[in-house]
file model36.csv (CSV, C-alpha atoms and all ligand atoms)
chain,number,residue,atom,x,y,z
A,23,MET,CA,122.3,27.8,-12.9
A,24,LEU,CA,120.7,27.2,-16.3
A,25,PRO,CA,119.2,30.2,-18.1
A,26,ILE,CA,115.7,28.8,-17.5
A,27,GLY,CA,116.5,29.0,-13.8
A,28,PRO,CA,115.6,32.7,-13.4
A,29,LEU,CA,112.6,32.2,-15.6
A,30,MET,CA,111.2,29.4,-13.4
A,31,ILE,CA,111.9,31.4,-10.3
A,32,GLU,CA,109.9,34.3,-11.8
A,33,HIS,CA,107.0,31.9,-12.6
A,34,ARG,CA,106.6,31.2,-8.9
A,35,LEU,CA,106.0,34.9,-8.2
A,36,ILE,CA,103.6,35.2,-11.1
A,37,GLU,CA,101.7,32.3,-9.6
A,38,ARG,CA,101.4,34.1,-6.3
A,39,MET,CA,100.0,37.1,-8.1
A,40,ILE,CA,97.6,35.0,-10.0
A,41,THR,CA,96.3,33.5,-6.7
A,42,LEU,CA,95.7,37.1,-5.4
A,43,ILE,CA,93.9,38.0,-8.7
A,44,ARG,CA,91.7,35.0,-8.4
A,45,GLU,CA,90.8,35.7,-4.8
A,46,HIS,CA,90.1,39.4,-5.4
A,47,ALA,CA,87.9,38.4,-8.4
A,48,VAL,CA,85.8,36.0,-6.3
A,49,GLN,CA,85.4,38.6,-3.6
A,50,ALA,CA,84.6,41.4,-6.0
A,51,LYS,CA,81.9,39.2,-7.6
A,52,SER,CA,80.2,38.5,-4.3
A,53,GLU,CA,80.4,42.2,-3.2
A,54,THR,CA,79.6,43.6,-6.8
A,55,LYS,CA,82.4,46.1,-6.4
A,56,ILE,CA,86.2,46.1,-6.8
A,57,ASP,CA,89.0,48.3,-5.6
A,58,PRO,CA,90.4,49.9,-8.8
A,59,HIS,CA,93.8,50.3,-7.0
A,60,PHE,CA,94.0,46.5,-6.8
A,61,VAL,CA,93.4,46.3,-10.5
A,62,ASP,CA,96.1,49.0,-11.0
A,63,ALA,CA,98.6,47.0,-9.0
A,64,ALA,CA,97.7,43.8,-10.9
A,65,VAL,CA,98.1,45.6,-14.2
A,66,ASP,CA,101.5,47.0,-13.2
A,67,PHE,CA,102.7,43.6,-12.1
A,68,VAL,CA,101.6,41.9,-15.2
A,69,ARG,CA,102.9,44.6,-17.5
A,70,ILE,CA,106.3,45.4,-15.9
A,71,TYR,CA,107.2,42.1,-14.2
A,72,ALA,CA,105.4,39.3,-16.1
A,73,ASP,CA,105.5,40.9,-19.6
A,74,ARG,CA,108.4,43.3,-19.8
A,75,THR,CA,110.8,41.6,-17.5
A,76,HIS,CA,109.9,38.0,-17.7
A,77,HIS,CA,108.4,37.6,-21.2
A,78,GLY,CA,111.1,40.1,-22.3
A,79,LYS,CA,113.8,37.6,-21.3
A,80,GLU,CA,111.9,34.7,-22.9
A,81,GLU,CA,111.4,36.5,-26.2
A,82,ASN,CA,114.5,38.7,-26.5
A,83,ILE,CA,117.0,36.2,-25.3
A,84,LEU,CA,115.8,32.5,-25.1
A,85,PHE,CA,113.4,32.5,-28.1
A,86,ARG,CA,115.7,34.8,-30.1
A,87,ASP,CA,118.6,32.3,-29.8
A,88,LEU,CA,116.3,29.3,-30.5
A,89,HIS,CA,115.2,31.0,-33.7
A,90,GLY,CA,118.7,30.3,-34.9
A,91,LYS,CA,118.5,26.6,-34.1
A,92,GLN,CA,117.0,23.8,-36.0
A,93,LEU,CA,114.1,23.2,-33.7
A,94,SER,CA,112.0,20.0,-34.0
A,95,GLU,CA,108.6,20.6,-35.6
A,96,GLN,CA,106.9,20.1,-32.2
A,97,ASP,CA,109.2,22.5,-30.4
A,98,ALA,CA,108.8,25.2,-33.1
A,99,VAL,CA,105.0,24.9,-32.8
A,100,ILE,CA,105.1,25.2,-29.1
A,101,MET,CA,107.5,28.3,-29.2
A,102,GLN,CA,105.1,30.0,-31.6
A,103,GLU,CA,102.2,29.2,-29.3
A,104,LEU,CA,104.1,30.7,-26.4
A,105,ILE,CA,104.8,33.9,-28.4
A,106,ASP,CA,101.1,34.1,-29.4
A,107,GLU,CA,100.0,33.6,-25.8
A,108,HIS,CA,102.2,36.5,-24.7
A,109,LYS,CA,100.5,38.7,-27.3
A,110,PHE,CA,97.1,37.5,-26.0
A,111,GLY,CA,98.1,38.4,-22.5
A,112,ARG,CA,99.0,41.9,-23.6
A,113,GLN,CA,95.7,42.3,-25.3
A,114,VAL,CA,93.7,41.1,-22.3
A,115,VAL,CA,95.6,43.5,-20.0
A,116,GLY,CA,94.9,46.4,-22.4
A,117,GLU,CA,91.2,45.6,-22.2
A,118,LEU,CA,91.4,45.4,-18.4
A,119,VAL,CA,93.0,48.8,-18.2
A,120,ASP,CA,90.2,50.3,-20.3
A,121,ALA,CA,87.5,48.6,-18.2
A,122,ASN,CA,89.1,49.8,-15.0
A,123,GLU,CA,89.3,53.3,-16.2
A,124,ALA,CA,85.6,53.2,-17.1
A,125,TYR,CA,84.7,51.7,-13.7
A,126,ARG,CA,86.7,54.4,-11.9
A,127,ASN,CA,84.7,57.0,-13.9
A,128,GLY,CA,81.5,55.6,-12.5
A,129,ASP,CA,80.5,53.0,-15.2
A,130,GLN,CA,79.3,50.1,-12.9
A,131,SER,CA,78.7,47.9,-15.9
A,132,SER,CA,82.5,47.7,-16.5
A,133,LEU,CA,82.8,45.5,-13.4
A,134,ASP,CA,81.7,42.5,-15.3
A,135,ILE,CA,84.4,43.1,-18.0
A,136,ILE,CA,87.0,43.6,-15.2
A,137,LEU,CA,86.0,40.3,-13.6
A,138,ASP,CA,86.0,38.5,-17.0
A,139,LYS,CA,89.5,39.8,-17.8
A,140,LEU,CA,90.9,38.9,-14.4
A,141,GLN,CA,89.4,35.4,-14.8
A,142,VAL,CA,91.0,35.1,-18.2
A,143,LEU,CA,94.4,36.0,-16.8
A,144,ALA,CA,94.0,33.7,-13.9
A,145,ASP,CA,93.1,30.8,-16.2
A,146,PHE,CA,95.6,31.6,-18.9
A,147,TYR,CA,98.9,32.1,-17.0
A,148,PRO,CA,99.0,28.8,-15.1
A,149,GLU,CA,98.6,26.8,-18.3
A,150,HIS,CA,101.2,28.9,-20.0
A,151,ILE,CA,103.6,28.4,-17.2
A,152,ILE,CA,103.1,24.6,-17.1
A,153,LYS,CA,103.7,24.4,-20.8
A,154,GLU,CA,107.0,26.3,-20.3
A,155,ASP,CA,108.2,24.6,-17.1
A,156,LYS,CA,107.3,21.0,-18.0
A,157,VAL,CA,107.6,20.9,-21.8
A,158,PHE,CA,109.3,23.8,-23.6
A,159,PHE,CA,112.0,24.9,-21.2
A,160,PRO,CA,113.5,21.4,-20.7
A,161,ALA,CA,113.3,20.7,-24.4
A,162,SER,CA,114.9,24.1,-25.2
A,163,MET,CA,118.0,23.4,-23.2
A,164,GLU,CA,118.9,20.5,-25.5
A,165,TYR,CA,119.7,22.9,-28.3
A,166,LEU,CA,122.3,24.8,-26.4
A,167,ASP,CA,125.9,23.8,-25.4
A,168,ALA,CA,127.4,24.7,-22.0
A,169,SER,CA,129.0,28.0,-23.1
A,170,GLU,CA,125.7,29.1,-24.9
A,171,LYS,CA,123.8,28.4,-21.7
A,172,ASP,CA,126.3,30.4,-19.6
A,173,SER,CA,126.3,33.4,-21.9
A,174,MET,CA,122.5,33.3,-22.0
A,175,LEU,CA,122.3,33.3,-18.3
A,176,ALA,CA,124.7,36.2,-18.1
A,177,GLU,CA,122.7,38.1,-20.6
A,178,MET,CA,119.5,37.5,-18.6
A,179,TRP,CA,121.1,39.1,-15.5
A,180,GLU,CA,122.2,42.1,-17.5
A,181,PHE,CA,118.7,42.4,-18.9
A,182,ASP,CA,117.2,42.4,-15.4
A,183,LYS,CA,119.6,45.2,-14.3
A,184,LYS,CA,118.0,47.6,-16.8
A,185,MET,CA,114.4,46.9,-15.7
A,186,ILE,CA,114.2,49.0,-12.5
A,187,HIS,CA,115.7,52.0,-14.3
A,188,GLU,CA,113.4,51.6,-17.3
A,189,LYS,CA,110.4,51.3,-15.0
A,190,TYR,CA,111.1,54.6,-13.2
A,191,ILE,CA,112.2,56.5,-16.3
A,192,HIS,CA,108.6,55.7,-17.5
A,193,VAL,CA,107.1,56.8,-14.2
A,194,VAL,CA,108.8,60.2,-14.5
A,195,GLU,CA,108.1,60.6,-18.2
A,196,ASP,CA,104.4,59.8,-17.6
A,197,LEU,CA,104.2,62.4,-14.8
A,198,GLU,CA,106.0,64.9,-16.9
A,199,SER,CA,103.5,64.4,-19.8
A,200,GLN,CA,100.5,65.1,-17.6
B,1,FE,FE,106.0,32.8,-21.5
B,2,FE,FE,107.3,32.3,-18.6
call {"tool": "encode", "arguments": {"input": "model36.csv", "output": "structure tokens"}}
result
Amino acid sequence: MLPIGPLMIEHRLIERMITLIREHAVQAKSETKIDPHFVDAAVDFVRIYADRTHHGKEENILFRDLHGKQLSEQDAVIMQELIDEHKFGRQVVGELVDANEAYRNGDQSSLDIILDKLQVLADFYPEHIIKEDKVFFPASMEYLDASEKDSMLAEMWEFDKKMIHEKYIHVVEDLESQ
């Protein structure tokens, strides 16, 4: 498997979550209420799976190695766009967390902010994924030889192994600090 294989498989799960986010946002808008637990679950998915585990492999392995290559101007521009989009996603999720907290504490006006942030995520991720799947990922593989691809894939599996432990260390640490 190419090192972009696991990343593309992960895109498919992210797309399924985006579909759920979009459906919940539509329903919440018509009912003028949302279940904060759904927002918690969406935030957890985006932060731990989409950002830490998935963007983590993109930035800390694929992009890291590509920084050492002579990328074409176009590929360098797209890679920077992808990095900036990851940052944008983090910012939106942070705003979503704040709005969900306010909503949970009784601030009904936060619902509009929650719906806006969910919509932004639902619009942003599919475009980001298409740019990677159809444009940047295929182009990126041209810079790597067979052994570089193999070692990159192996590093990605190793990266994934750490994620479940990291997640639950944080769960315990958060509970300990309360
Ligand atoms: Fe990405
Ligand atoms: Fe991605």
call {"tool": "closest_residue", "arguments": {"input": "model36.csv", "among": "A:Glu32, A:Glu117, A:Asp196, A:Asp172", "to": "ligand FE 2 (chain B)", "atoms": "all atoms listed in the file"}}
result
A:Glu32
call {"tool": "residues_around", "arguments": {"input": "model36.csv", "residues": "Ile186 (chain A)", "least_positions_apart": "6", "cutoff": "12 Å", "atoms": "only C-alpha atoms", "output": "PyMOL selection string"}}
result
chain A and resi 70-71+74-75+180+192-193
call {"tool": "closest_residue", "arguments": {"input": "model36.csv", "among": "A:Ala47, A:Leu24, A:Ile105, A:Val61", "to": "Asp73 (chain A)", "atoms": "all atoms listed in the file"}}
result
A:Ile105
call {"tool": "residues_near_ligand", "arguments": {"input": "model36.csv", "ligand": "ligand FE 1 (chain B)", "cutoff": "7 Å", "atoms": "all atoms listed in the file", "output": "list in words"}}
result
His77, Glu80, Leu104, His108, His150, Ile151 and Glu154 of chain A
call {"tool": "residues_around", "arguments": {"input": "model36.csv", "residues": "Arg126 (chain A)", "least_positions_apart": "3", "cutoff": "7 Å", "atoms": "only C-alpha atoms", "output": "PyMOL selection string"}}
result
chain A and resi 58+122-123
call {"tool": "residues_near_ligand", "arguments": {"input": "model36.csv", "ligand": "ligand FE 2 (chain B)", "cutoff": "12 Å", "atoms": "only C-alpha atoms and all ligand atoms", "output": "short mmCIF file (atom, residue, chain, number, x, y, z; two decimals) with C-alpha atoms, in the frame of the given file"}}
result
data_model
loop_
_atom_site.label_atom_id
_atom_site.label_comp_id
_atom_site.auth_asym_id
_atom_site.auth_seq_id
_atom_site.Cartn_x
_atom_site.Cartn_y
_atom_site.Cartn_z
CA ILE A 26 115.70 28.80 -17.50
CA GLY A 27 116.50 29.00 -13.80
CA PRO A 28 115.60 32.70 -13.40
CA LEU A 29 112.60 32.20 -15.60
CA MET A 30 111.20 29.40 -13.40
CA ILE A 31 111.90 31.40 -10.30
CA GLU A 32 109.90 34.30 -11.80
CA HIS A 33 107.00 31.90 -12.60
CA ARG A 34 106.60 31.20 -8.90
CA LEU A 35 106.00 34.90 -8.20
CA ILE A 36 103.60 35.20 -11.10
CA GLU A 37 101.70 32.30 -9.60
CA VAL A 68 101.60 41.90 -15.20
CA TYR A 71 107.20 42.10 -14.20
CA ALA A 72 105.40 39.30 -16.10
CA ASP A 73 105.50 40.90 -19.60
CA ARG A 74 108.40 43.30 -19.80
CA THR A 75 110.80 41.60 -17.50
CA HIS A 76 109.90 38.00 -17.70
CA HIS A 77 108.40 37.60 -21.20
CA GLY A 78 111.10 40.10 -22.30
CA LYS A 79 113.80 37.60 -21.30
CA GLU A 80 111.90 34.70 -22.90
CA GLU A 81 111.40 36.50 -26.20
CA LEU A 84 115.80 32.50 -25.10
CA PHE A 85 113.40 32.50 -28.10
CA MET A 101 107.50 28.30 -29.20
CA LEU A 104 104.10 30.70 -26.40
CA ILE A 105 104.80 33.90 -28.40
CA GLU A 107 100.00 33.60 -25.80
CA HIS A 108 102.20 36.50 -24.70
CA GLY A 111 98.10 38.40 -22.50
CA PHE A 146 95.60 31.60 -18.90
CA TYR A 147 98.90 32.10 -17.00
CA PRO A 148 99.00 28.80 -15.10
CA GLU A 149 98.60 26.80 -18.30
CA HIS A 150 101.20 28.90 -20.00
CA ILE A 151 103.60 28.40 -17.20
CA ILE A 152 103.10 24.60 -17.10
CA LYS A 153 103.70 24.40 -20.80
CA GLU A 154 107.00 26.30 -20.30
CA ASP A 155 108.20 24.60 -17.10
CA LYS A 156 107.30 21.00 -18.00
CA VAL A 157 107.60 20.90 -21.80
CA PHE A 158 109.30 23.80 -23.60
CA PHE A 159 112.00 24.90 -21.20
#
call {"tool": "closest_residue", "arguments": {"input": "model36.csv", "among": "A:Met23, A:Ser199, A:Ile56, A:Arg44", "to": "Asp134 (chain A)", "atoms": "all atoms listed in the file"}}
result
A:Ile56
call {"tool": "closest_residue", "arguments": {"input": "model36.csv", "among": "A:Asp66, A:Asp145, A:Glu170, A:Asp120", "to": "Ser132 (chain A)", "atoms": "only C-alpha atoms"}}
result
A:Asp120
call {"tool": "atom_distance", "arguments": {"input": "model36.csv", "atom1": "CA of Arg112 (chain A)", "atom2": "CA of Gly90 (chain A)"}}
result
25.5 Å
call {"tool": "closest_residue", "arguments": {"input": "model36.csv", "among": "A:Val194, A:Ala64, A:Val119, A:Leu88", "to": "Leu166 (chain A)", "atoms": "all atoms listed in the file"}}
result
A:Leu88
call {"tool": "atom_distance", "arguments": {"input": "model36.csv", "atom1": "CA of Gln130 (chain A)", "atom2": "CA of Ala63 (chain A)"}}
result
19.9 Å
call {"tool": "closest_residue", "arguments": {"input": "model36.csv", "among": "A:Phe67, A:Glu177, A:Asp182, A:Glu53", "to": "Arg38 (chain A)", "atoms": "all atoms listed in the file"}}
result
A:Phe67
call {"tool": "atom_distance", "arguments": {"input": "model36.csv", "atom1": "CA of Tyr165 (chain A)", "atom2": "CA of Asp106 (chain A)"}}
result
21.7 Å
call {"tool": "residues_around", "arguments": {"input": "model36.csv", "residues": "Lys51 (chain A)", "least_positions_apart": "5", "cutoff": "12 Å", "atoms": "only C-alpha atoms", "output": "list in words"}}
result
Arg44, Glu45, His46, Ile56, Asp57, Leu133, Asp134, Ile135, Ile136, Leu137, Asp138, Leu140 and Gln141 of chain A
